[in-house]
Amino acid sequence: MKKLTFILALALVLCLGASAFAADISVVLNGQAIDTRDADGNPVAPFAENGTTYVPVRAIATALNLDIEWDGETGTVFIGGRGETQPELGDKINIYINGTKFIPRDADGDEVAPIAMDGTTYLPVRAIAQAFGKKVDWDGAASSVLINDASTVDTEKTYKIVAQGTQSAVTPDHSGSGSGLSAVTFTGAPGQIWRFEPVEGQDGFYFIINAESGCAMDVNGQSRKPGATILQYNKGDGDNQKFMLVQQADGSYKIYSKNSMLLFENSAGVIRQAADRDSSVQNWIIEEAAAAAQREYAPAYKKIVVKGSDTALTYSADANALGSSAYTGADTQKWLFEATAEGYYAVNTKSGGKSIDVANNSTAEGDPLITYTSSTDNNQRWILEKQDGDGYKLRSLHSDLYMAVAADGGAVQTAAGTVFEIVDAD
């Protein structure tokens with residue numbers, strides 16, 4: 001908690017301007033107003049500049065009982081003790097939290113440099129939540145910054161995470177690293193069971209670990225943009241695998257990414273991150289649950305159907321040919337979408353270890369698509385582009401052309417592409 005206070009103040013100074021002090025802004029911590037003063041007891045007021053609110057660090061730190069040390073020689077603020085840290089020298093203020101350098105960032109992911117003015121350091125409010133696992137809100141009517149503790153869960157237990165008002169639980173599309181997450185009817189399958197592992201030295205944040213795979217929930221490609229998918233991936237230490245829980249009055253939870261401070265959302269059955277829009281699709285019921293060992297967990301295979309028809313992408317089981325035919329539910333019409341760490345997808349066959357591939361690494365319009373032995377090459381990486389209304393286009397990372405079904409039924413790449421419906425296979 002000490003870390004959180006310090007960062008908030010630092011951001012406030014950064015965007016300071018003459019117009020910022022026009023309105024009185026108060027800071028309320030867990031329901032109690034904070035008297036924001038500097039080390040000499042002089043008032044230091046929060047301010048707003050260009051839509052961003054800034055708060056003095058020391059005042060917040062004092063309210064949170066944080067240890068703060070200023071090293072004037074290196075221009076460094078230490079929060080929670082400096083240990084053996086040797087700060088970097090430069091022309092901007094450094095921030096270290098429990099011996100680790102902290103880089104505050106704005107909503108676009110750009111670094112926000114701390115600023116000191118008249119002996120006081122400020123930082124944007126948003127950085128508090130990022131750094132210390134606090135829930136930060138703005139009360140416009142009262143001109144108040146509201147800072148509250150994040151919620152906690154019992155880390156010795158396992159849980160299901162269910163979309164509010166449904167029986168659909170967060171479920172990996174398959175059991176491996178890189179699997180996307182969907183909202184699927186809860187059966188007690190091991191892949192639907194999760195545990196919360198505290199992030200060491202970062203109060204309020206958790207790794208959310210799958211009981212079956214041991215993988216951690218992960219914001220695809222470390223994105224800070226709304227719409228990015230949430231997947232499971234081998235556990236690391238990136239902020240895109242750290243999440244904060246905030247319980248609502250009705251008992252449901254909102255789940256925030258530390259990396260983006262965006263929320264989990266049930267987007268038509270796909271788990272994505274999105275800006276807060278006060279919708280039930282962003283509310284989750286987190287309830288204790290244990291895996292039903294006797295339940296077999298099956299991957300969520302998809303069919304790729306030309307929108308408005310029953311024509312589905314179909315591969316040859318004994319060759320590399322890829323075309324289309326009326327959907328029958330055959331295994332050769334079932335596909336597994338595997339999200340990569342870079343934010344793209346491999347589209348894999350149900351059997352045979354193959355993926356949809358741009359033949360011969362072509363970049364020419366009209367050239368064929370095939371299935372080929374799965375690899376990490378760009379000609380097997382696809383970008384899903386949501387279309388207005390419904391459906392997707394799939395764009396090749398290699399050629400920048402789109403997947404399409406030709407007049408003769410063959411699969412090719414074109415500039416226009418075909419709009420597909422990607423839904424669960426029967």
# chains A, B, ... in the order shown; residues from 1 in each chain; ligands from 1
call {"tool": "closest_atom_pairs", "arguments": {"of": "stretch 166-240 of chain A", "to": "stretch 273-290 of chain A", "cutoff": "8 Å", "atoms": "only C-alpha atoms", "output": "tab-separated table"}}
result
residue	atom	partner	partner_atom	distance
A:Gly188	CA	A:Ala290	CA	7.1
A:Pro190	CA	A:Ala290	CA	8.0
A:Ile193	CA	A:Ala290	CA	6.7
A:Val219	CA	A:Gln273	CA	7.8
A:Lys225	CA	A:Ala274	CA	7.8
A:Pro226	CA	A:Ala274	CA	4.5
A:Gly227	CA	A:Gln273	CA	5.5
A:Ala228	CA	A:Gln273	CA	5.7
A:Thr229	CA	A:Gln273	CA	6.4
A:Ile230	CA	A:Gln273	CA	6.9
call {"tool": "select_by_dssp", "arguments": {"residues": "stretch 39-255 of chain A", "states": "strand (DSSP E)", "output": "JSON list (two decimals) with N, CA and C atoms, in the first residue's frame"}}
result
[["chain", "number", "residue", "atom", "x", "y", "z"],
["A", 47, "PHE", "N", -4.56, 18.80, -8.59],
["A", 47, "PHE", "CA", -5.07, 19.63, -9.68],
["A", 47, "PHE", "C", -5.40, 18.76, -10.88],
["A", 48, "ALA", "N", -6.16, 19.33, -11.81],
["A", 48, "ALA", "CA", -6.52, 18.65, -13.05],
["A", 48, "ALA", "C", -5.96, 19.43, -14.22],
["A", 49, "GLU", "N", -5.42, 18.71, -15.18],
["A", 49, "GLU", "CA", -4.84, 19.34, -16.37],
["A", 49, "GLU", "C", -5.13, 18.45, -17.56],
["A", 52, "THR", "N", -6.62, 15.08, -16.84],
["A", 52, "THR", "CA", -5.89, 14.18, -15.95],
["A", 52, "THR", "C", -5.73, 14.83, -14.58],
["A", 53, "THR", "N", -5.98, 14.07, -13.52],
["A", 53, "THR", "CA", -5.84, 14.58, -12.16],
["A", 53, "THR", "C", -4.50, 14.15, -11.59],
["A", 54, "TYR", "N", -3.83, 15.09, -10.92],
["A", 54, "TYR", "CA", -2.52, 14.85, -10.33],
["A", 54, "TYR", "C", -2.58, 15.08, -8.82],
["A", 55, "VAL", "N", -1.80, 14.28, -8.10],
["A", 55, "VAL", "CA", -1.86, 14.31, -6.64],
["A", 55, "VAL", "C", -0.44, 14.35, -6.07],
["A", 56, "PRO", "N", -0.23, 15.06, -4.95],
["A", 56, "PRO", "CA", 1.10, 15.12, -4.33],
["A", 56, "PRO", "C", 1.46, 13.79, -3.65],
["A", 68, "ILE", "N", 9.14, 6.76, 2.65],
["A", 68, "ILE", "CA", 9.59, 7.46, 1.44],
["A", 68, "ILE", "C", 10.94, 8.12, 1.73],
["A", 69, "GLU", "N", 11.84, 7.98, 0.80],
["A", 69, "GLU", "CA", 13.16, 8.59, 0.93],
["A", 69, "GLU", "C", 13.51, 9.31, -0.37],
["A", 70, "TRP", "N", 14.02, 10.52, -0.27],
["A", 70, "TRP", "CA", 14.43, 11.30, -1.44],
["A", 70, "TRP", "C", 15.95, 11.36, -1.50],
["A", 71, "ASP", "N", 16.50, 10.94, -2.63],
["A", 71, "ASP", "CA", 17.94, 11.01, -2.87],
["A", 71, "ASP", "C", 18.20, 12.15, -3.84],
["A", 76, "THR", "N", 16.10, 10.66, -7.08],
["A", 76, "THR", "CA", 15.36, 9.41, -6.96],
["A", 76, "THR", "C", 14.48, 9.41, -5.73],
["A", 77, "VAL", "N", 13.26, 8.92, -5.90],
["A", 77, "VAL", "CA", 12.33, 8.70, -4.79],
["A", 77, "VAL", "C", 12.27, 7.20, -4.54],
["A", 78, "PHE", "N", 12.53, 6.81, -3.28],
["A", 78, "PHE", "CA", 12.45, 5.41, -2.88],
["A", 78, "PHE", "C", 11.20, 5.21, -2.03],
["A", 79, "ILE", "N", 10.43, 4.21, -2.39],
["A", 79, "ILE", "CA", 9.22, 3.87, -1.63],
["A", 79, "ILE", "C", 9.37, 2.45, -1.11],
["A", 94, "ASN", "N", 13.63, 9.51, -10.85],
["A", 94, "ASN", "CA", 13.45, 8.07, -10.80],
["A", 94, "ASN", "C", 12.51, 7.70, -9.66],
["A", 95, "ILE", "N", 11.76, 6.62, -9.85],
["A", 95, "ILE", "CA", 10.92, 6.08, -8.78],
["A", 95, "ILE", "C", 11.27, 4.61, -8.59],
["A", 96, "TYR", "N", 11.57, 4.25, -7.35],
["A", 96, "TYR", "CA", 11.84, 2.85, -7.03],
["A", 96, "TYR", "C", 10.88, 2.39, -5.95],
["A", 97, "ILE", "N", 10.26, 1.23, -6.16],
["A", 97, "ILE", "CA", 9.32, 0.68, -5.20],
["A", 97, "ILE", "C", 9.87, -0.67, -4.73],
["A", 100, "THR", "N", 12.65, -1.89, -6.85],
["A", 100, "THR", "CA", 12.44, -2.11, -8.29],
["A", 100, "THR", "C", 11.99, -0.80, -8.94],
["A", 101, "LYS", "N", 12.59, -0.47, -10.08],
["A", 101, "LYS", "CA", 12.23, 0.78, -10.74],
["A", 101, "LYS", "C", 10.81, 0.71, -11.27],
["A", 115, "ILE", "N", 7.50, 14.78, -12.16],
["A", 115, "ILE", "CA", 7.93, 16.18, -12.12],
["A", 115, "ILE", "C", 7.88, 16.68, -10.68],
["A", 116, "ALA", "N", 8.86, 17.47, -10.32],
["A", 116, "ALA", "CA", 8.88, 18.09, -9.00],
["A", 116, "ALA", "C", 8.69, 19.59, -9.16],
["A", 117, "MET", "N", 7.85, 20.18, -8.28],
["A", 117, "MET", "CA", 7.59, 21.61, -8.32],
["A", 117, "MET", "C", 7.53, 22.14, -6.90],
["A", 120, "THR", "N", 7.77, 19.61, -4.19],
["A", 120, "THR", "CA", 6.76, 18.56, -4.11],
["A", 120, "THR", "C", 6.74, 17.78, -5.42],
["A", 121, "THR", "N", 6.63, 16.48, -5.31],
["A", 121, "THR", "CA", 6.58, 15.60, -6.48],
["A", 121, "THR", "C", 5.16, 15.14, -6.72],
["A", 122, "TYR", "N", 4.77, 15.10, -7.99],
["A", 122, "TYR", "CA", 3.41, 14.73, -8.37],
["A", 122, "TYR", "C", 3.43, 13.64, -9.46],
["A", 123, "LEU", "N", 2.31, 12.89, -9.52],
["A", 123, "LEU", "CA", 2.13, 11.87, -10.54],
["A", 123, "LEU", "C", 0.65, 11.73, -10.85],
["A", 124, "PRO", "N", 0.25, 11.27, -12.04],
["A", 124, "PRO", "CA", -1.18, 11.10, -12.34],
["A", 124, "PRO", "C", -1.83, 10.06, -11.43],
["A", 134, "LYS", "N", -4.68, -0.27, -6.04],
["A", 134, "LYS", "CA", -5.77, 0.50, -5.45],
["A", 134, "LYS", "C", -6.83, 0.77, -6.52],
["A", 135, "LYS", "N", -8.07, 0.87, -6.09],
["A", 135, "LYS", "CA", -9.15, 1.25, -6.99],
["A", 135, "LYS", "C", -9.29, 2.77, -6.92],
["A", 136, "VAL", "N", -9.15, 3.44, -8.05],
["A", 136, "VAL", "CA", -9.21, 4.91, -8.09],
["A", 136, "VAL", "C", -10.37, 5.35, -8.95],
["A", 137, "ASP", "N", -11.23, 6.22, -8.41],
["A", 137, "ASP", "CA", -12.39, 6.74, -9.14],
["A", 137, "ASP", "C", -12.39, 8.26, -9.02],
["A", 138, "TRP", "N", -13.17, 8.87, -9.91],
["A", 138, "TRP", "CA", -13.34, 10.32, -9.89],
["A", 138, "TRP", "C", -14.80, 10.65, -9.62],
["A", 139, "ASP", "N", -15.06, 11.41, -8.57],
["A", 139, "ASP", "CA", -16.41, 11.88, -8.25],
["A", 139, "ASP", "C", -16.50, 13.31, -8.74],
["A", 144, "SER", "N", -13.70, 15.06, -6.28],
["A", 144, "SER", "CA", -12.89, 14.25, -5.37],
["A", 144, "SER", "C", -12.28, 13.05, -6.09],
["A", 145, "VAL", "N", -11.03, 12.78, -5.73],
["A", 145, "VAL", "CA", -10.38, 11.53, -6.12],
["A", 145, "VAL", "C", -10.65, 10.51, -5.02],
["A", 146, "LEU", "N", -11.28, 9.38, -5.38],
["A", 146, "LEU", "CA", -11.63, 8.36, -4.41],
["A", 146, "LEU", "C", -10.67, 7.18, -4.55],
["A", 147, "ILE", "N", -9.91, 6.92, -3.49],
["A", 147, "ILE", "CA", -8.94, 5.82, -3.50],
["A", 147, "ILE", "C", -9.40, 4.78, -2.48],
["A", 148, "ASN", "N", -9.56, 3.54, -2.96],
["A", 148, "ASN", "CA", -10.02, 2.48, -2.07],
["A", 148, "ASN", "C", -9.17, 1.23, -2.26],
["A", 149, "ASP", "N", -9.08, 0.44, -1.19],
["A", 149, "ASP", "CA", -8.34, -0.81, -1.27],
["A", 149, "ASP", "C", -9.00, -1.75, -2.27],
["A", 159, "TYR", "N", -11.22, -21.52, -7.57],
["A", 159, "TYR", "CA", -12.46, -20.82, -7.88],
["A", 159, "TYR", "C", -12.91, -21.05, -9.33],
["A", 160, "LYS", "N", -14.20, -20.83, -9.55],
["A", 160, "LYS", "CA", -14.74, -20.65, -10.90],
["A", 160, "LYS", "C", -15.01, -19.16, -11.07],
["A", 161, "ILE", "N", -14.87, -18.67, -12.29],
["A", 161, "ILE", "CA", -15.10, -17.25, -12.59],
["A", 161, "ILE", "C", -16.20, -17.21, -13.65],
["A", 162, "VAL", "N", -17.40, -16.80, -13.23],
["A", 162, "VAL", "CA", -18.60, -16.94, -14.06],
["A", 162, "VAL", "C", -19.14, -15.56, -14.44],
["A", 163, "ALA", "N", -19.51, -15.40, -15.70],
["A", 163, "ALA", "CA", -20.12, -14.14, -16.15],
["A", 163, "ALA", "C", -21.44, -13.93, -15.42],
["A", 168, "SER", "N", -21.99, -19.34, -17.55],
["A", 168, "SER", "CA", -20.81, -19.44, -18.40],
["A", 168, "SER", "C", -19.56, -19.04, -17.62],
["A", 169, "ALA", "N", -18.61, -19.95, -17.57],
["A", 169, "ALA", "CA", -17.37, -19.74, -16.81],
["A", 169, "ALA", "C", -16.20, -19.49, -17.74],
["A", 170, "VAL", "N", -15.22, -18.73, -17.26],
["A", 170, "VAL", "CA", -14.00, -18.49, -18.04],
["A", 170, "VAL", "C", -13.30, -19.82, -18.27],
["A", 171, "THR", "N", -13.08, -20.15, -19.55],
["A", 171, "THR", "CA", -12.59, -21.47, -19.93],
["A", 171, "THR", "C", -11.59, -21.34, -21.07],
["A", 172, "PRO", "N", -10.39, -21.94, -20.97],
["A", 172, "PRO", "CA", -9.47, -21.92, -22.11],
["A", 172, "PRO", "C", -10.04, -22.70, -23.29],
["A", 181, "LEU", "N", -9.40, -17.41, -24.19],
["A", 181, "LEU", "CA", -10.37, -17.71, -23.14],
["A", 181, "LEU", "C", -11.77, -17.37, -23.61],
["A", 182, "SER", "N", -12.70, -18.27, -23.31],
["A", 182, "SER", "CA", -14.09, -18.08, -23.69],
["A", 182, "SER", "C", -14.98, -18.25, -22.46],
["A", 183, "ALA", "N", -16.22, -17.78, -22.59],
["A", 183, "ALA", "CA", -17.23, -18.00, -21.55],
["A", 183, "ALA", "C", -18.06, -19.20, -21.98],
["A", 184, "VAL", "N", -17.88, -20.33, -21.29],
["A", 184, "VAL", "CA", -18.49, -21.61, -21.66],
["A", 184, "VAL", "C", -19.23, -22.16, -20.45],
["A", 185, "THR", "N", -20.35, -22.85, -20.68],
["A", 185, "THR", "CA", -21.14, -23.41, -19.59],
["A", 185, "THR", "C", -20.27, -24.18, -18.61],
["A", 194, "TRP", "N", -9.63, -22.04, -11.30],
["A", 194, "TRP", "CA", -8.53, -21.07, -11.22],
["A", 194, "TRP", "C", -8.14, -20.84, -9.77],
["A", 195, "ARG", "N", -6.89, -20.46, -9.57],
["A", 195, "ARG", "CA", -6.43, -20.02, -8.25],
["A", 195, "ARG", "C", -5.78, -18.65, -8.39],
["A", 196, "PHE", "N", -5.75, -17.91, -7.29],
["A", 196, "PHE", "CA", -5.21, -16.56, -7.28],
["A", 196, "PHE", "C", -3.90, -16.56, -6.50],
["A", 197, "GLU", "N", -2.83, -16.17, -7.17],
["A", 197, "GLU", "CA", -1.50, -16.16, -6.56],
["A", 197, "GLU", "C", -1.05, -14.71, -6.36],
["A", 198, "PRO", "N", -0.81, -14.29, -5.13],
["A", 198, "PRO", "CA", -0.40, -12.89, -4.91],
["A", 198, "PRO", "C", 0.89, -12.56, -5.64],
["A", 205, "PHE", "N", -2.52, -7.06, -6.27],
["A", 205, "PHE", "CA", -2.47, -7.72, -7.58],
["A", 205, "PHE", "C", -2.28, -9.22, -7.44],
["A", 206, "TYR", "N", -2.86, -9.95, -8.40],
["A", 206, "TYR", "CA", -2.78, -11.41, -8.42],
["A", 206, "TYR", "C", -2.40, -11.91, -9.81],
["A", 207, "PHE", "N", -1.68, -13.03, -9.84],
["A", 207, "PHE", "CA", -1.65, -13.88, -11.01],
["A", 207, "PHE", "C", -2.87, -14.79, -10.91],
["A", 208, "ILE", "N", -3.57, -15.01, -12.03],
["A", 208, "ILE", "CA", -4.73, -15.90, -12.03],
["A", 208, "ILE", "C", -4.31, -17.16, -12.79],
["A", 209, "ILE", "N", -4.13, -18.26, -12.06],
["A", 209, "ILE", "CA", -3.49, -19.46, -12.58],
["A", 209, "ILE", "C", -4.52, -20.55, -12.85],
["A", 210, "ASN", "N", -4.42, -21.17, -14.03],
["A", 210, "ASN", "CA", -5.33, -22.25, -14.39],
["A", 210, "ASN", "C", -4.93, -23.54, -13.69],
["A", 216, "ALA", "N", -0.95, -18.78, -16.73],
["A", 216, "ALA", "CA", -1.52, -17.58, -16.11],
["A", 216, "ALA", "C", -2.38, -16.83, -17.12],
["A", 217, "MET", "N", -3.44, -16.21, -16.64],
["A", 217, "MET", "CA", -4.19, -15.29, -17.51],
["A", 217, "MET", "C", -3.25, -14.19, -17.98],
["A", 218, "ASP", "N", -3.46, -13.72, -19.22],
["A", 218, "ASP", "CA", -2.48, -12.88, -19.89],
["A", 218, "ASP", "C", -3.21, -11.99, -20.89],
["A", 219, "VAL", "N", -2.89, -10.69, -20.89],
["A", 219, "VAL", "CA", -3.45, -9.80, -21.92],
["A", 219, "VAL", "C", -2.63, -9.99, -23.20],
["A", 230, "ILE", "N", -8.03, -11.82, -23.85],
["A", 230, "ILE", "CA", -7.36, -12.39, -22.70],
["A", 230, "ILE", "C", -7.13, -13.87, -22.99],
["A", 231, "LEU", "N", -5.93, -14.35, -22.74],
["A", 231, "LEU", "CA", -5.62, -15.75, -22.99],
["A", 231, "LEU", "C", -4.91, -16.33, -21.78],
["A", 232, "GLN", "N", -4.51, -17.60, -21.88],
["A", 232, "GLN", "CA", -3.63, -18.17, -20.86],
["A", 232, "GLN", "C", -2.28, -18.42, -21.51],
["A", 233, "TYR", "N", -1.22, -18.15, -20.72],
["A", 233, "TYR", "CA", 0.12, -18.26, -21.28],
["A", 233, "TYR", "C", 1.07, -18.68, -20.16],
["A", 243, "PHE", "N", -3.41, -8.88, -12.14],
["A", 243, "PHE", "CA", -4.78, -8.38, -12.16],
["A", 243, "PHE", "C", -5.24, -7.98, -10.76],
["A", 244, "MET", "N", -6.14, -7.00, -10.75],
["A", 244, "MET", "CA", -6.69, -6.48, -9.51],
["A", 244, "MET", "C", -8.19, -6.76, -9.48],
["A", 245, "LEU", "N", -8.70, -7.17, -8.33],
["A", 245, "LEU", "CA", -10.11, -7.46, -8.14],
["A", 245, "LEU", "C", -10.78, -6.34, -7.35],
["A", 246, "VAL", "N", -11.95, -5.92, -7.81],
["A", 246, "VAL", "CA", -12.71, -4.90, -7.07],
["A", 246, "VAL", "C", -14.15, -5.40, -6.95],
["A", 247, "GLN", "N", -14.56, -5.68, -5.73],
["A", 247, "GLN", "CA", -15.91, -6.21, -5.51],
["A", 247, "GLN", "C", -16.94, -5.10, -5.53],
["A", 253, "TYR", "N", -17.59, -9.06, -9.08],
["A", 253, "TYR", "CA", -16.26, -8.45, -9.14],
["A", 253, "TYR", "C", -15.99, -7.86, -10.51],
["A", 254, "LYS", "N", -15.23, -6.79, -10.53],
["A", 254, "LYS", "CA", -14.59, -6.31, -11.75],
["A", 254, "LYS", "C", -13.12, -6.73, -11.68],
["A", 255, "ILE", "N", -12.56, -7.11, -12.82],
["A", 255, "ILE", "CA", -11.19, -7.60, -12.88],
["A", 255, "ILE", "C", -10.39, -6.67, -13.77]]
call {"tool": "select_by_dssp", "arguments": {"residues": "stretch 89-153 of chain A", "states": "helix (DSSP H, G or I)", "output": "list in words"}}
result
Arg126, Ala127, Ile128, Ala129, Gln130, Ala131 and Phe132 of chain A
call {"tool": "write_last_selection", "arguments": {"atoms": "C-alpha atoms", "output": "PDB file, in the first residue's frame"}}
result
ATOM      1  CA  ARG A 126      -3.933   6.480 -12.705  1.00  0.00           C
ATOM      2  CA  ALA A 127      -0.403   5.498 -11.703  1.00  0.00           C
ATOM      3  CA  ILE A 128      -1.569   4.738  -8.159  1.00  0.00           C
ATOM      4  CA  ALA A 129      -3.826   1.952  -9.271  1.00  0.00           C
ATOM      5  CA  GLN A 130      -1.149   0.625 -11.636  1.00  0.00           C
ATOM      6  CA  ALA A 131       1.569   0.529  -9.038  1.00  0.00           C
ATOM      7  CA  PHE A 132      -0.195  -0.369  -5.816  1.00  0.00           C
TER       8      PHE A 132
END
call {"tool": "atom_distance", "arguments": {"atom1": "atom CA of A:Leu66", "atom2": "atom CA of A:Thr36"}}
result
14.5 Å
call {"tool": "atom_distance", "arguments": {"atom1": "atom CA of A:Ser252", "atom2": "atom CA of A:Phe264"}}
result
12.6 Å
call {"tool": "atom_distance", "arguments": {"atom1": "atom CA of A:Gln164", "atom2": "atom CA of A:Leu263"}}
result
14.2 Å
call {"tool": "closest_residue", "arguments": {"among": "A:Leu384, A:Val270, A:Val412, A:Ala45", "to": "A:Leu369", "atoms": "only C-alpha atoms"}}
result
A:Val412
call {"tool": "closest_residue", "arguments": {"among": "A:Tyr327, A:Ser213, A:Thr311, A:Asn320", "to": "A:Ala407", "atoms": "only C-alpha atoms"}}
result
A:Thr311
call {"tool": "residues_around", "arguments": {"residues": "A:Ala364", "least_positions_apart": "5", "cutoff": "9 Å", "atoms": "only C-alpha atoms", "output": "number ranges by chain"}}
result
A: 399, 401, 413-414
call {"tool": "write_last_selection", "arguments": {"atoms": "C-alpha atoms", "output": "PDB file, in the first residue's frame"}}
result
ATOM      1  CA  SER A 399       1.150 -10.805 -46.956  1.00  0.00           C
ATOM      2  CA  LEU A 401      -4.000  -9.900 -47.654  1.00  0.00           C
ATOM      3  CA  GLN A 413      -5.768 -14.582 -50.303  1.00  0.00           C
ATOM      4  CA  THR A 414      -7.268 -11.367 -51.678  1.00  0.00           C
TER       5      THR A 414
END
call {"tool": "decode", "arguments": {"residues": "stretch 29-55 of chain A", "atoms": "C-alpha atoms", "output": "PDB file, in the first residue's frame"}}
result
ATOM      1  CA  LEU A  29      -8.809   7.348   1.022  1.00  0.00           C
ATOM      2  CA  ASN A  30     -11.103   4.502   2.111  1.00  0.00           C
ATOM      3  CA  GLY A  31     -13.817   7.021   2.960  1.00  0.00           C
ATOM      4  CA  GLN A  32     -11.598   9.489   4.838  1.00  0.00           C
ATOM      5  CA  ALA A  33     -10.528  12.845   3.376  1.00  0.00           C
ATOM      6  CA  ILE A  34      -6.749  13.379   3.256  1.00  0.00           C
ATOM      7  CA  ASP A  35      -5.195  16.683   4.314  1.00  0.00           C
ATOM      8  CA  THR A  36      -2.636  17.069   1.517  1.00  0.00           C
ATOM      9  CA  ARG A  37       0.419  18.911   2.862  1.00  0.00           C
ATOM     10  CA  ASP A  38       4.144  18.943   2.137  1.00  0.00           C
ATOM     11  CA  ALA A  39       6.973  18.079   4.543  1.00  0.00           C
ATOM     12  CA  ASP A  40       6.793  21.599   6.043  1.00  0.00           C
ATOM     13  CA  GLY A  41       3.060  21.408   6.661  1.00  0.00           C
ATOM     14  CA  ASN A  42       2.109  23.692   3.767  1.00  0.00           C
ATOM     15  CA  PRO A  43      -1.019  22.792   1.766  1.00  0.00           C
ATOM     16  CA  VAL A  44      -0.285  21.152  -1.620  1.00  0.00           C
ATOM     17  CA  ALA A  45      -3.409  20.901  -3.706  1.00  0.00           C
ATOM     18  CA  PRO A  46      -4.240  18.222  -6.255  1.00  0.00           C
ATOM     19  CA  PHE A  47      -5.071  19.627  -9.678  1.00  0.00           C
ATOM     20  CA  ALA A  48      -6.524  18.651 -13.053  1.00  0.00           C
ATOM     21  CA  GLU A  49      -4.841  19.336 -16.370  1.00  0.00           C
ATOM     22  CA  ASN A  50      -6.123  18.264 -19.788  1.00  0.00           C
ATOM     23  CA  GLY A  51      -8.510  15.771 -18.226  1.00  0.00           C
ATOM     24  CA  THR A  52      -5.885  14.183 -15.950  1.00  0.00           C
ATOM     25  CA  THR A  53      -5.840  14.581 -12.159  1.00  0.00           C
ATOM     26  CA  TYR A  54      -2.519  14.853 -10.334  1.00  0.00           C
ATOM     27  CA  VAL A  55      -1.861  14.315  -6.644  1.00  0.00           C
TER      28      VAL A  55
END
